[in-house]
>>> print(open('work34.cif').read())   # mmCIF, C-alpha atoms
data_work
#
loop_
_atom_site.group_PDB
_atom_site.id
_atom_site.type_symbol
_atom_site.label_atom_id
_atom_site.label_comp_id
_atom_site.auth_asym_id
_atom_site.auth_seq_id
_atom_site.Cartn_x
_atom_site.Cartn_y
_atom_site.Cartn_z
ATOM 1 C CA MET X 161 88.618 121.909 116.009
ATOM 2 C CA PRO X 162 92.248 122.488 115.009
ATOM 3 C CA GLU X 163 93.722 120.008 112.546
ATOM 4 C CA VAL X 164 96.231 117.922 114.417
ATOM 5 C CA ALA X 165 96.650 114.771 112.339
ATOM 6 C CA VAL X 166 100.346 114.419 111.641
ATOM 7 C CA VAL X 167 101.751 113.322 108.297
ATOM 8 C CA LEU X 168 105.075 111.513 108.547
ATOM 9 C CA VAL X 169 107.165 111.905 105.398
ATOM 10 C CA VAL X 170 109.962 109.371 104.981
ATOM 11 C CA GLU X 171 112.204 110.586 102.180
ATOM 12 C CA ASP X 172 115.962 110.867 101.774
ATOM 13 C CA ARG X 173 115.898 113.527 99.035
ATOM 14 C CA GLU X 174 115.463 116.983 100.454
ATOM 15 C CA ASP X 175 114.372 118.400 97.081
ATOM 16 C CA ASP X 176 111.430 116.019 96.992
ATOM 17 C CA VAL X 177 110.399 117.054 100.496
ATOM 18 C CA VAL X 178 110.538 120.740 99.571
ATOM 19 C CA VAL X 179 108.308 120.100 96.559
ATOM 20 C CA LEU X 180 105.892 118.082 98.675
ATOM 21 C CA ARG X 181 105.695 120.713 101.418
ATOM 22 C CA THR X 182 105.129 123.455 98.850
ATOM 23 C CA ALA X 183 102.466 121.393 97.093
ATOM 24 C CA PHE X 184 100.775 120.710 100.444
ATOM 25 C CA ARG X 185 100.627 124.417 101.216
ATOM 26 C CA ALA X 186 99.294 125.206 97.744
ATOM 27 C CA ALA X 187 96.652 122.505 98.217
ATOM 28 C CA GLY X 188 95.621 123.866 101.596
ATOM 29 C CA VAL X 189 96.927 120.897 103.545
ATOM 30 C CA LEU X 190 97.603 122.491 106.903
ATOM 31 C CA ASN X 191 98.444 119.353 108.834
ATOM 32 C CA PRO X 192 101.801 119.192 110.558
ATOM 33 C CA VAL X 193 104.337 117.432 108.358
ATOM 34 C CA VAL X 194 107.183 115.636 110.087
ATOM 35 C CA TRP X 195 110.107 114.758 107.877
ATOM 36 C CA VAL X 196 112.527 111.920 108.555
ATOM 37 C CA ARG X 197 115.364 111.111 106.152
ATOM 38 C CA SER X 198 115.676 107.356 106.376
ATOM 39 C CA GLY X 199 113.963 104.121 107.200
ATOM 40 C CA ASP X 200 116.001 103.876 110.406
ATOM 41 C CA GLU X 201 114.807 107.297 111.510
ATOM 42 C CA ALA X 202 111.192 106.456 110.606
ATOM 43 C CA ILE X 203 111.259 103.332 112.778
ATOM 44 C CA THR X 204 112.880 105.258 115.629
ATOM 45 C CA TYR X 205 110.088 107.835 115.324
ATOM 46 C CA MET X 206 107.345 105.185 115.301
ATOM 47 C CA ARG X 207 108.883 103.424 118.277
ATOM 48 C CA GLY X 208 108.981 106.714 120.137
ATOM 49 C CA VAL X 209 112.521 106.255 121.363
ATOM 50 C CA GLY X 210 115.688 108.365 121.432
ATOM 51 C CA PRO X 211 115.052 111.894 120.193
ATOM 52 C CA TYR X 212 111.388 111.004 119.533
ATOM 53 C CA MET X 213 110.567 109.811 123.044
ATOM 54 C CA ASN X 214 108.151 112.627 123.775
ATOM 55 C CA ARG X 215 104.862 111.592 122.102
ATOM 56 C CA SER X 216 103.160 114.918 122.682
ATOM 57 C CA GLU X 217 105.953 116.566 120.718
ATOM 58 C CA PHE X 218 106.282 113.679 118.223
ATOM 59 C CA PRO X 219 102.799 112.163 117.976
ATOM 60 C CA LEU X 220 102.027 109.016 116.006
ATOM 61 C CA PRO X 221 101.090 109.982 112.459
ATOM 62 C CA ARG X 222 97.706 109.420 110.867
ATOM 63 C CA LEU X 223 99.420 108.907 107.546
ATOM 64 C CA ILE X 224 102.905 107.841 106.447
ATOM 65 C CA LEU X 225 104.127 108.995 103.033
ATOM 66 C CA LEU X 226 106.959 106.677 102.242
ATOM 67 C CA ASP X 227 109.733 106.592 99.696
ATOM 68 C CA LEU X 228 111.053 103.132 98.881
ATOM 69 C CA LYS X 229 114.662 103.547 97.864
ATOM 70 C CA MET X 230 116.763 104.756 100.779
ATOM 71 C CA SER X 231 120.140 103.727 102.101
ATOM 72 C CA GLY X 232 120.196 101.639 105.271
ATOM 73 C CA LEU X 233 116.717 100.459 106.177
ATOM 74 C CA ASP X 234 114.524 101.216 103.170
ATOM 75 C CA GLY X 235 110.824 101.790 102.648
ATOM 76 C CA PHE X 236 110.052 98.074 102.552
ATOM 77 C CA ASP X 237 111.648 97.675 105.976
ATOM 78 C CA VAL X 238 109.486 100.483 107.321
ATOM 79 C CA ILE X 239 106.307 98.814 106.023
ATOM 80 C CA SER X 240 107.368 95.492 107.565
ATOM 81 C CA TYR X 241 108.047 97.116 110.909
ATOM 82 C CA VAL X 242 104.847 99.179 111.082
ATOM 83 C CA ARG X 243 102.680 96.253 109.992
ATOM 84 C CA SER X 244 104.291 93.983 112.598
ATOM 85 C CA ARG X 245 102.801 96.161 115.333
ATOM 86 C CA LEU X 246 99.073 95.702 115.838
ATOM 87 C CA GLU X 247 98.667 99.084 117.503
ATOM 88 C CA PHE X 248 99.729 100.760 114.242
ATOM 89 C CA ALA X 249 97.269 98.772 112.102
ATOM 90 C CA SER X 250 95.039 101.770 111.362
ATOM 91 C CA ILE X 251 97.889 104.063 110.313
ATOM 92 C CA ALA X 252 97.785 104.388 106.552
ATOM 93 C CA ILE X 253 101.037 103.718 104.729
ATOM 94 C CA ILE X 254 101.096 105.386 101.328
ATOM 95 C CA VAL X 255 104.091 104.618 99.176
ATOM 96 C CA LEU X 256 104.971 107.811 97.286
ATOM 97 C CA THR X 257 107.781 107.194 94.868
ATOM 98 C CA SER X 258 109.037 107.724 91.352
ATOM 99 C CA SER X 259 109.358 103.993 90.834
ATOM 100 C CA THR X 260 106.863 102.297 88.595
ATOM 101 C CA ASP X 261 108.603 98.953 88.883
ATOM 102 C CA MET X 262 105.772 96.440 89.156
ATOM 103 C CA LYS X 263 107.880 94.243 91.432
ATOM 104 C CA ASP X 264 108.177 97.135 93.892
ATOM 105 C CA VAL X 265 104.434 97.735 93.791
ATOM 106 C CA GLN X 266 103.699 94.069 94.418
ATOM 107 C CA ARG X 267 106.207 93.819 97.251
ATOM 108 C CA ALA X 268 104.905 96.964 98.949
ATOM 109 C CA TYR X 269 101.357 95.570 98.949
ATOM 110 C CA ASP X 270 102.515 92.139 100.069
ATOM 111 C CA LEU X 271 104.161 93.738 103.091
ATOM 112 C CA GLY X 272 101.018 95.701 103.930
ATOM 113 C CA ALA X 273 101.143 99.102 102.232
ATOM 114 C CA SER X 274 97.720 100.774 102.119
ATOM 115 C CA SER X 275 98.274 102.400 98.757
ATOM 116 C CA PHE X 276 100.926 103.029 96.114
ATOM 117 C CA ILE X 277 101.167 106.441 94.441
ATOM 118 C CA VAL X 278 103.620 107.633 91.820
ATOM 119 C CA ARG X 279 105.000 111.163 92.242
ATOM 120 C CA GLU X 280 103.904 113.647 89.603
ATOM 121 C CA THR X 281 106.622 115.464 87.697
ATOM 122 C CA GLU X 282 104.586 118.647 87.126
ATOM 123 C CA PHE X 283 104.158 120.801 90.218
ATOM 124 C CA SER X 284 100.506 121.542 89.439
ATOM 125 C CA ASP X 285 99.854 117.795 89.343
ATOM 126 C CA MET X 286 101.564 117.412 92.717
ATOM 127 C CA VAL X 287 99.154 120.015 94.088
ATOM 128 C CA THR X 288 96.197 118.067 92.702
ATOM 129 C CA LEU X 289 97.608 114.889 94.199
ATOM 130 C CA SER X 290 98.073 116.600 97.566
ATOM 131 C CA LYS X 291 94.442 117.720 97.526
ATOM 132 C CA LEU X 292 93.316 114.191 96.803
ATOM 133 C CA LEU X 293 95.490 112.748 99.581
ATOM 134 C CA LYS X 294 93.956 115.261 101.946
ATOM 135 C CA GLU X 295 90.397 114.543 100.803
ATOM 136 C CA TYR X 296 90.818 110.826 101.053
ATOM 137 C CA TRP X 297 93.187 110.004 103.898
ATOM 138 C CA LEU X 298 92.736 113.078 106.050
ATOM 139 C CA GLY X 299 89.073 113.612 105.160
ATOM 140 C CA LEU X 300 87.059 110.466 104.613
ATOM 141 C CA ASN X 301 89.079 108.493 107.126
ATOM 142 C CA ASN X 302 88.832 111.272 109.663
ATOM 143 C CA THR X 303 86.015 109.960 111.809
ATOM 144 C CA ILE X 304 87.680 106.791 112.849
ATOM 145 C CA GLU X 305 91.150 108.236 113.080
ATOM 146 C CA ALA X 306 89.803 110.763 115.538
ATOM 147 C CA ARG X 307 88.563 107.808 117.574
ATOM 148 C CA ARG X 308 91.951 106.175 117.361
ATOM 149 C CA GLN X 309 93.599 109.297 118.675
ATOM 150 C CA SER X 310 91.153 109.701 121.519
ATOM 151 C CA ARG X 311 91.716 106.058 122.408
ATOM 152 C CA GLN X 312 95.476 106.619 122.524
ATOM 153 C CA GLU X 313 94.960 109.588 124.762
ATOM 154 C CA SER X 314 92.814 107.536 127.103
ATOM 155 C CA ASP X 315 95.416 104.748 127.078
ATOM 156 C CA ALA X 316 98.210 107.152 127.856
ATOM 157 C CA MET Y 79 86.397 106.221 76.532
ATOM 158 C CA PRO Y 80 84.311 105.189 79.511
ATOM 159 C CA ASP Y 81 86.158 104.055 82.601
ATOM 160 C CA GLN Y 82 85.658 100.338 82.797
ATOM 161 C CA ALA Y 83 87.317 99.338 86.013
ATOM 162 C CA VAL Y 84 84.986 97.045 87.919
ATOM 163 C CA ILE Y 85 83.788 97.831 91.422
ATOM 164 C CA MET Y 86 82.447 95.083 93.673
ATOM 165 C CA LEU Y 87 79.999 95.904 96.440
ATOM 166 C CA VAL Y 88 79.537 93.308 99.171
ATOM 167 C CA GLU Y 89 76.420 94.359 101.020
ATOM 168 C CA ASP Y 90 73.385 92.538 102.345
ATOM 169 C CA ARG Y 91 71.013 95.472 102.930
ATOM 170 C CA GLU Y 92 68.892 96.409 99.930
ATOM 171 C CA ASP Y 93 68.578 100.019 101.108
ATOM 172 C CA ASP Y 94 72.326 100.434 101.235
ATOM 173 C CA ILE Y 95 72.807 98.817 97.842
ATOM 174 C CA LEU Y 96 70.296 101.253 96.389
ATOM 175 C CA LEU Y 97 72.045 104.159 98.091
ATOM 176 C CA VAL Y 98 75.405 103.225 96.565
ATOM 177 C CA LYS Y 99 73.840 102.755 93.134
ATOM 178 C CA LYS Y 100 72.099 106.130 93.356
ATOM 179 C CA ALA Y 101 75.270 107.854 94.530
ATOM 180 C CA PHE Y 102 77.199 106.366 91.604
ATOM 181 C CA GLU Y 103 74.493 107.500 89.202
ATOM 182 C CA LYS Y 104 74.339 111.054 90.573
ATOM 183 C CA GLY Y 105 78.146 111.236 90.698
ATOM 184 C CA TRP Y 106 78.382 110.140 87.048
ATOM 185 C CA ILE Y 107 80.329 107.040 87.980
ATOM 186 C CA ASP Y 108 79.629 104.666 85.144
ATOM 187 C CA ASN Y 109 81.902 101.833 86.202
ATOM 188 C CA PRO Y 110 80.310 98.405 86.230
ATOM 189 C CA LEU Y 111 79.129 97.659 89.748
ATOM 190 C CA GLN Y 112 78.954 94.002 90.743
ATOM 191 C CA VAL Y 113 76.822 93.508 93.834
ATOM 192 C CA VAL Y 114 76.997 90.385 95.978
ATOM 193 C CA GLY Y 115 74.902 89.890 99.075
ATOM 194 C CA ASP Y 116 77.338 88.473 101.603
ATOM 195 C CA GLY Y 117 80.887 87.301 102.200
ATOM 196 C CA GLU Y 118 80.207 83.773 101.045
ATOM 197 C CA GLU Y 119 78.895 84.921 97.693
ATOM 198 C CA ALA Y 120 81.853 87.304 97.371
ATOM 199 C CA ILE Y 121 84.258 84.392 97.856
ATOM 200 C CA HIS Y 122 82.420 82.327 95.229
ATOM 201 C CA TYR Y 123 82.620 85.281 92.871
ATOM 202 C CA LEU Y 124 86.305 85.998 93.454
ATOM 203 C CA ALA Y 125 87.241 82.320 93.272
ATOM 204 C CA GLY Y 126 85.244 81.997 90.059
ATOM 205 C CA GLU Y 127 83.086 79.184 91.368
ATOM 206 C CA GLY Y 128 79.724 78.007 90.091
ATOM 207 C CA LYS Y 129 77.958 80.616 88.006
ATOM 208 C CA TYR Y 130 80.898 82.963 88.588
ATOM 209 C CA ALA Y 131 83.236 80.761 86.544
ATOM 210 C CA ASN Y 132 82.567 82.997 83.558
ATOM 211 C CA ARG Y 133 85.086 85.808 84.033
ATOM 212 C CA ALA Y 134 83.740 87.638 81.025
ATOM 213 C CA GLU Y 135 80.457 88.072 82.811
ATOM 214 C CA TYR Y 136 81.910 88.292 86.317
ATOM 215 C CA PRO Y 137 85.282 90.023 85.980
ATOM 216 C CA LEU Y 138 87.659 90.361 88.892
ATOM 217 C CA PRO Y 139 87.056 93.715 90.566
ATOM 218 C CA ASP Y 140 89.524 96.598 90.718
ATOM 219 C CA LEU Y 141 88.040 97.834 93.976
ATOM 220 C CA ILE Y 142 86.057 96.015 96.649
ATOM 221 C CA LEU Y 143 83.628 97.887 98.900
ATOM 222 C CA VAL Y 144 82.671 95.702 101.817
ATOM 223 C CA ASP Y 145 80.180 95.946 104.629
ATOM 224 C CA LEU Y 146 81.149 94.321 107.924
ATOM 225 C CA LYS Y 147 77.961 92.941 109.382
ATOM 226 C CA MET Y 148 76.579 90.315 107.042
ATOM 227 C CA PRO Y 149 75.042 86.857 107.360
ATOM 228 C CA LYS Y 150 77.087 83.672 106.752
ATOM 229 C CA ILE Y 151 80.607 84.965 106.116
ATOM 230 C CA ASP Y 152 80.942 88.525 107.380
ATOM 231 C CA GLY Y 153 83.173 91.349 106.206
ATOM 232 C CA PHE Y 154 86.051 90.492 108.533
ATOM 233 C CA ASP Y 155 86.258 86.897 107.351
ATOM 234 C CA LEU Y 156 85.993 88.068 103.760
ATOM 235 C CA VAL Y 157 88.899 90.505 104.169
ATOM 236 C CA ARG Y 158 90.970 87.763 105.798
ATOM 237 C CA TRP Y 159 90.163 85.337 102.987
ATOM 238 C CA ILE Y 160 91.009 87.819 100.226
ATOM 239 C CA ARG Y 161 94.343 88.736 101.794
ATOM 240 C CA ARG Y 162 95.308 85.065 101.962
ATOM 241 C CA GLN Y 163 94.940 84.698 98.192
ATOM 242 C CA PRO Y 164 98.258 85.739 96.680
ATOM 243 C CA SER Y 165 96.666 86.799 93.410
ATOM 244 C CA PHE Y 166 94.220 89.192 95.098
ATOM 245 C CA GLY Y 167 96.759 90.821 97.395
ATOM 246 C CA SER Y 168 96.685 94.157 95.649
ATOM 247 C CA ILE Y 169 92.945 94.588 95.094
ATOM 248 C CA PRO Y 170 92.058 97.547 97.308
ATOM 249 C CA ILE Y 171 89.520 96.675 99.988
ATOM 250 C CA VAL Y 172 87.568 99.586 101.398
ATOM 251 C CA VAL Y 173 85.336 98.846 104.355
ATOM 252 C CA LEU Y 174 82.163 100.879 103.979
ATOM 253 C CA THR Y 175 80.018 100.463 107.039
ATOM 254 C CA SER Y 176 77.868 102.194 109.586
ATOM 255 C CA SER Y 177 79.880 100.657 112.398
ATOM 256 C CA ASP Y 178 81.755 103.237 114.376
ATOM 257 C CA SER Y 179 83.356 100.802 116.788
ATOM 258 C CA ILE Y 180 87.060 101.304 117.257
ATOM 259 C CA LYS Y 181 87.405 97.542 117.677
ATOM 260 C CA ASP Y 182 85.878 96.966 114.254
ATOM 261 C CA VAL Y 183 88.148 99.578 112.702
ATOM 262 C CA ASN Y 184 91.309 98.087 114.113
ATOM 263 C CA ARG Y 185 90.269 94.541 113.348
ATOM 264 C CA ALA Y 186 89.462 95.341 109.727
ATOM 265 C CA TYR Y 187 92.836 97.037 109.271
ATOM 266 C CA ALA Y 188 94.717 94.267 111.029
ATOM 267 C CA LEU Y 189 93.136 91.723 108.666
ATOM 268 C CA GLY Y 190 94.309 93.713 105.666
ATOM 269 C CA ALA Y 191 91.669 96.263 104.685
ATOM 270 C CA ASN Y 192 93.239 99.239 102.896
ATOM 271 C CA SER Y 193 90.798 101.795 104.168
ATOM 272 C CA PHE Y 194 87.830 102.139 106.488
ATOM 273 C CA LEU Y 195 85.036 104.581 105.740
ATOM 274 C CA VAL Y 196 81.965 105.235 107.794
ATOM 275 C CA LYS Y 197 78.911 105.533 105.528
ATOM 276 C CA PRO Y 198 78.024 109.188 105.103
ATOM 277 C CA LEU Y 199 74.691 110.020 106.677
ATOM 278 C CA ASP Y 200 73.369 112.355 104.043
ATOM 279 C CA PHE Y 201 73.082 111.637 100.368
ATOM 280 C CA GLU Y 202 75.050 114.627 99.049
ATOM 281 C CA ASN Y 203 78.029 113.492 101.100
ATOM 282 C CA PHE Y 204 77.590 109.988 99.773
ATOM 283 C CA ILE Y 205 77.889 111.255 96.185
ATOM 284 C CA GLU Y 206 81.039 113.170 97.086
ATOM 285 C CA THR Y 207 82.473 110.108 98.839
ATOM 286 C CA ALA Y 208 81.766 107.959 95.802
ATOM 287 C CA LYS Y 209 83.552 110.439 93.520
ATOM 288 C CA ILE Y 210 86.619 110.607 95.741
ATOM 289 C CA LEU Y 211 86.675 106.814 96.075
ATOM 290 C CA LYS Y 212 86.755 106.490 92.325
ATOM 291 C CA THR Y 213 89.362 109.201 91.765
ATOM 292 C CA TYR Y 214 91.597 107.784 94.444
ATOM 293 C CA TRP Y 215 91.429 104.037 93.963
ATOM 294 C CA LEU Y 216 90.726 103.754 90.244
ATOM 295 C CA ARG Y 217 92.555 106.760 88.845
ATOM 296 C CA THR Y 218 95.469 107.466 91.166
ATOM 297 C CA ASN Y 219 96.408 104.357 93.123
ATOM 298 C CA ARG Y 220 98.780 101.938 91.350
ATOM 299 C CA ARG Y 221 98.535 98.192 91.274
ATOM 300 C CA PRO Y 222 101.140 95.714 90.095
ATOM 301 C CA ASP Y 223 99.119 94.184 87.283
ATOM 302 C CA ALA Y 224 99.983 95.950 84.074
ATOM 303 C CA SER Y 225 96.697 95.258 82.351
ATOM 304 C CA ARG Y 226 94.520 98.308 82.041
ATOM 305 C CA PRO Y 227 90.944 97.847 83.184
ATOM 306 C CA GLY Y 228 89.723 99.359 79.923
ATOM 307 C CA GLU Y 229 91.128 96.454 77.945
ATOM 308 C CA ARG Y 230 88.837 93.948 79.519
ATOM 309 C CA ALA Y 231 86.510 92.267 77.093
ATOM 310 C CA SER Y 232 84.075 91.527 79.865
ATOM 311 C CA VAL Y 233 83.012 95.024 80.650
ATOM 312 C CA GLY Y 234 80.400 95.479 77.996
ATOM 313 C CA GLU Y 235 78.565 92.443 79.252
ATOM 314 C CA ALA Y 236 78.871 93.521 82.842
ATOM 315 C CA LYS Y 237 77.409 96.875 81.866
ATOM 316 C CA GLU Y 238 74.523 95.256 80.085
ATOM 317 C CA ARG Y 239 73.768 93.236 83.161
ATOM 318 C CA MET Y 240 73.806 96.400 85.229
ATOM 319 C CA SER Y 241 71.310 98.166 83.033
ATOM 320 C CA GLN Y 242 68.875 95.280 83.056
#
>>> encode(input="work34.cif", output="structure tokens")
Amino acid sequence: MPEVAVVLVVEDREDDVVVLRTAFRAAGVLNPVVWVRSGDEAITYMRGVGPYMNRSEFPLPRLILLDLKMSGLDGFDVISYVRSRLEFASIAIIVLTSSTDMKDVQRAYDLGASSFIVRETEFSDMVTLSKLLKEYWLGLNNTIEARRQSRQESDA
Amino acid sequence: MPDQAVIMLVEDREDDILLVKKAFEKGWIDNPLQVVGDGEEAIHYLAGEGKYANRAEYPLPDLILVDLKMPKIDGFDLVRWIRRQPSFGSIPIVVLTSSDSIKDVNRAYALGANSFLVKPLDFENFIETAKILKTYWLRTNRRPDASRPGERASVGEAKERMSQ
């Protein structure tokens, strides 16, 4: 079966996205990665409106990798929005940031983040982290997520 | 230094408890494992009530593995209860169950479970799952409390209890 689970990356720094994409490839993560540059764009994507209206072209992600600090609507706003919608409850929200501010960590969890990960500075460590993200969120959780997707297809 | 983060398993079936213990053993996971038999006991433990008042002996867990179908208070009600306690908001809750019902999955997530894993059917996979669980939730995931699990005075005792 081809791997179709989409990873939505919400990050305003292009450099960080390039590193992440490269690390994903090095780690053998072949899932489609969709990149949006702001919290506003992430919410537009999740709502499936405007340029993202076509769900077969812009499917709901299995996993959201989320930066916190962005201009306009930030990562916290994205968590609040996604967790306010029951139909998105099983989509994992992983905060991936350079911040180790304990207040940020607490707030992200309070709003409903699934997990909080700090970016690695060494590329080789980013590859290891990518492998782990794949093993955990795209591997172990696979069974049920597949069910979620088939349910969405039957609802559509 | 041994990893001393505490894992709590909330499970009523002896067979499944044994399976988790064996998988931890074979996967060289030496973290203290605190097993409670149902949601009600888990709440007593987490709230530090009765015999669980002694936090040295019954330390707060760093990861909670919870079954869904249990007598008295089930996994859903336990997840809901934990997420209503402000101080436990960041303890990762992983549902580990044989249920493959989409309704159960969505309900567990909606109540605040971090992750939902279907129990692996064969033992080798269970060992692998246990290793990844540990690497992910105890080594990689961040929580707001600054205290390192290794600094807990309680762990030695918890370990002794385990080996008894």
>>> resolve_selection(input="work34.cif", expression="the PyMOL selection byres ((chain Y and resi 87) around 9)", output="list in words")
Ile85, Met86, Val88, Glu89, Ile95, Val98, Leu111, Gln112, Val113, Val114, Gly115, Ala120, Leu141, Ile142, Leu143, Val144 and Asp145 of chain Y
>>> residues_around(input="work34.cif", residues="Ala186 in chain Y", least_positions_apart="3", cutoff="10 Å", atoms="all atoms listed in the file", output="PyMOL selection string")
(chain X and resi 249-250) or (chain Y and resi 146+153-155+157-158+171-173+180-183+189-194)
>>> closest_residue(input="work34.cif", among="X:Leu226, X:Leu292, X:Met213, X:Val179", to="chain Y", atoms="all atoms listed in the file")
X:Leu292
>>> closest_atom_pairs(input="work34.cif", of="chain Y", to="chain X", cutoff="7 Å", atoms="all atoms listed in the file", output="JSON lines")
{"residue": "Y:Gly167", "atom": "CA", "partner": "X:Asp270", "partner_atom": "CA", "distance": 6.5}
{"residue": "Y:Ser168", "atom": "CA", "partner": "X:Tyr269", "partner_atom": "CA", "distance": 5.9}
{"residue": "Y:Ile180", "atom": "CA", "partner": "X:Arg307", "partner_atom": "CA", "distance": 6.7}
{"residue": "Y:Asn184", "atom": "CA", "partner": "X:Ser250", "partner_atom": "CA", "distance": 5.9}
{"residue": "Y:Tyr187", "atom": "CA", "partner": "X:Ala249", "partner_atom": "CA", "distance": 5.5}
{"residue": "Y:Ala188", "atom": "CA", "partner": "X:Ala249", "partner_atom": "CA", "distance": 5.3}
{"residue": "Y:Asn192", "atom": "CA", "partner": "X:Ser274", "partner_atom": "CA", "distance": 4.8}
{"residue": "Y:Phe194", "atom": "CA", "partner": "X:Asn301", "partner_atom": "CA", "distance": 6.5}
{"residue": "Y:Leu195", "atom": "CA", "partner": "X:Asn301", "partner_atom": "CA", "distance": 5.8}
{"residue": "Y:Ile210", "atom": "CA", "partner": "X:Tyr296", "partner_atom": "CA", "distance": 6.8}
{"residue": "Y:Thr218", "atom": "CA", "partner": "X:Ile277", "partner_atom": "CA", "distance": 6.7}
{"residue": "Y:Asn219", "atom": "CA", "partner": "X:Ile277", "partner_atom": "CA", "distance": 5.4}
{"residue": "Y:Arg220", "atom": "CA", "partner": "X:Phe276", "partner_atom": "CA", "distance": 5.3}
{"residue": "Y:Arg221", "atom": "CA", "partner": "X:Val265", "partner_atom": "CA", "distance": 6.4}
{"residue": "Y:Pro222", "atom": "CA", "partner": "X:Met262", "partner_atom": "CA", "distance": 4.8}
>>> resolve_selection(input="work34.cif", expression="the PyMOL selection byres ((chain Y and resi 201) around 10)", output="count of residues only")
15
>>> atom_distance(input="work34.cif", atom1="CA of Val170 in chain X", atom2="CA of Arg161 in chain Y")
26.1 Å
>>> build_atoms(input="work34.cif", residues="range 98-109 of chain Y", atoms="N, CA, C and O atoms", output="mmCIF file, in the coordinates of the input")
data_model
loop_
_atom_site.group_PDB
_atom_site.id
_atom_site.type_symbol
_atom_site.label_atom_id
_atom_site.label_comp_id
_atom_site.auth_asym_id
_atom_site.auth_seq_id
_atom_site.Cartn_x
_atom_site.Cartn_y
_atom_site.Cartn_z
ATOM 1 N N VAL Y 98 74.135 103.210 97.296
ATOM 2 C CA VAL Y 98 75.405 103.225 96.565
ATOM 3 C C VAL Y 98 75.135 103.393 95.066
ATOM 4 O O VAL Y 98 75.761 104.207 94.388
ATOM 5 N N LYS Y 99 74.157 102.647 94.562
ATOM 6 C CA LYS Y 99 73.840 102.755 93.134
ATOM 7 C C LYS Y 99 73.423 104.174 92.770
ATOM 8 O O LYS Y 99 73.845 104.721 91.752
ATOM 9 N N LYS Y 100 72.578 104.760 93.605
ATOM 10 C CA LYS Y 100 72.099 106.130 93.356
ATOM 11 C C LYS Y 100 73.264 107.127 93.406
ATOM 12 O O LYS Y 100 73.348 108.038 92.597
ATOM 13 N N ALA Y 101 74.135 106.937 94.391
ATOM 14 C CA ALA Y 101 75.270 107.854 94.530
ATOM 15 C C ALA Y 101 76.184 107.766 93.308
ATOM 16 O O ALA Y 101 76.683 108.780 92.811
ATOM 17 N N PHE Y 102 76.380 106.554 92.808
ATOM 18 C CA PHE Y 102 77.199 106.366 91.604
ATOM 19 C C PHE Y 102 76.547 107.071 90.416
ATOM 20 O O PHE Y 102 77.212 107.733 89.628
ATOM 21 N N GLU Y 103 75.230 106.917 90.311
ATOM 22 C CA GLU Y 103 74.493 107.500 89.202
ATOM 23 C C GLU Y 103 74.594 109.026 89.250
ATOM 24 O O GLU Y 103 74.935 109.672 88.262
ATOM 25 N N LYS Y 104 74.324 109.590 90.425
ATOM 26 C CA LYS Y 104 74.339 111.054 90.573
ATOM 27 C C LYS Y 104 75.761 111.610 90.440
ATOM 28 O O LYS Y 104 75.948 112.770 90.094
ATOM 29 N N GLY Y 105 76.761 110.782 90.792
ATOM 30 C CA GLY Y 105 78.146 111.236 90.698
ATOM 31 C C GLY Y 105 78.767 110.918 89.345
ATOM 32 O O GLY Y 105 79.965 111.056 89.169
ATOM 33 N N TRP Y 106 77.945 110.494 88.395
ATOM 34 C CA TRP Y 106 78.382 110.140 87.048
ATOM 35 C C TRP Y 106 79.487 109.077 87.075
ATOM 36 O O TRP Y 106 80.452 109.147 86.318
ATOM 37 N N ILE Y 107 79.357 108.132 87.942
ATOM 38 C CA ILE Y 107 80.329 107.040 87.980
ATOM 39 C C ILE Y 107 79.716 105.876 87.209
ATOM 40 O O ILE Y 107 78.754 105.257 87.659
ATOM 41 N N ASP Y 108 80.275 105.642 86.019
ATOM 42 C CA ASP Y 108 79.629 104.666 85.144
ATOM 43 C C ASP Y 108 80.352 103.317 85.149
ATOM 44 O O ASP Y 108 80.134 102.478 84.286
ATOM 45 N N ASN Y 109 81.220 103.130 86.119
ATOM 46 C CA ASN Y 109 81.902 101.833 86.202
ATOM 47 C C ASN Y 109 80.903 100.729 86.480
ATOM 48 O O ASN Y 109 79.942 100.924 87.207
#
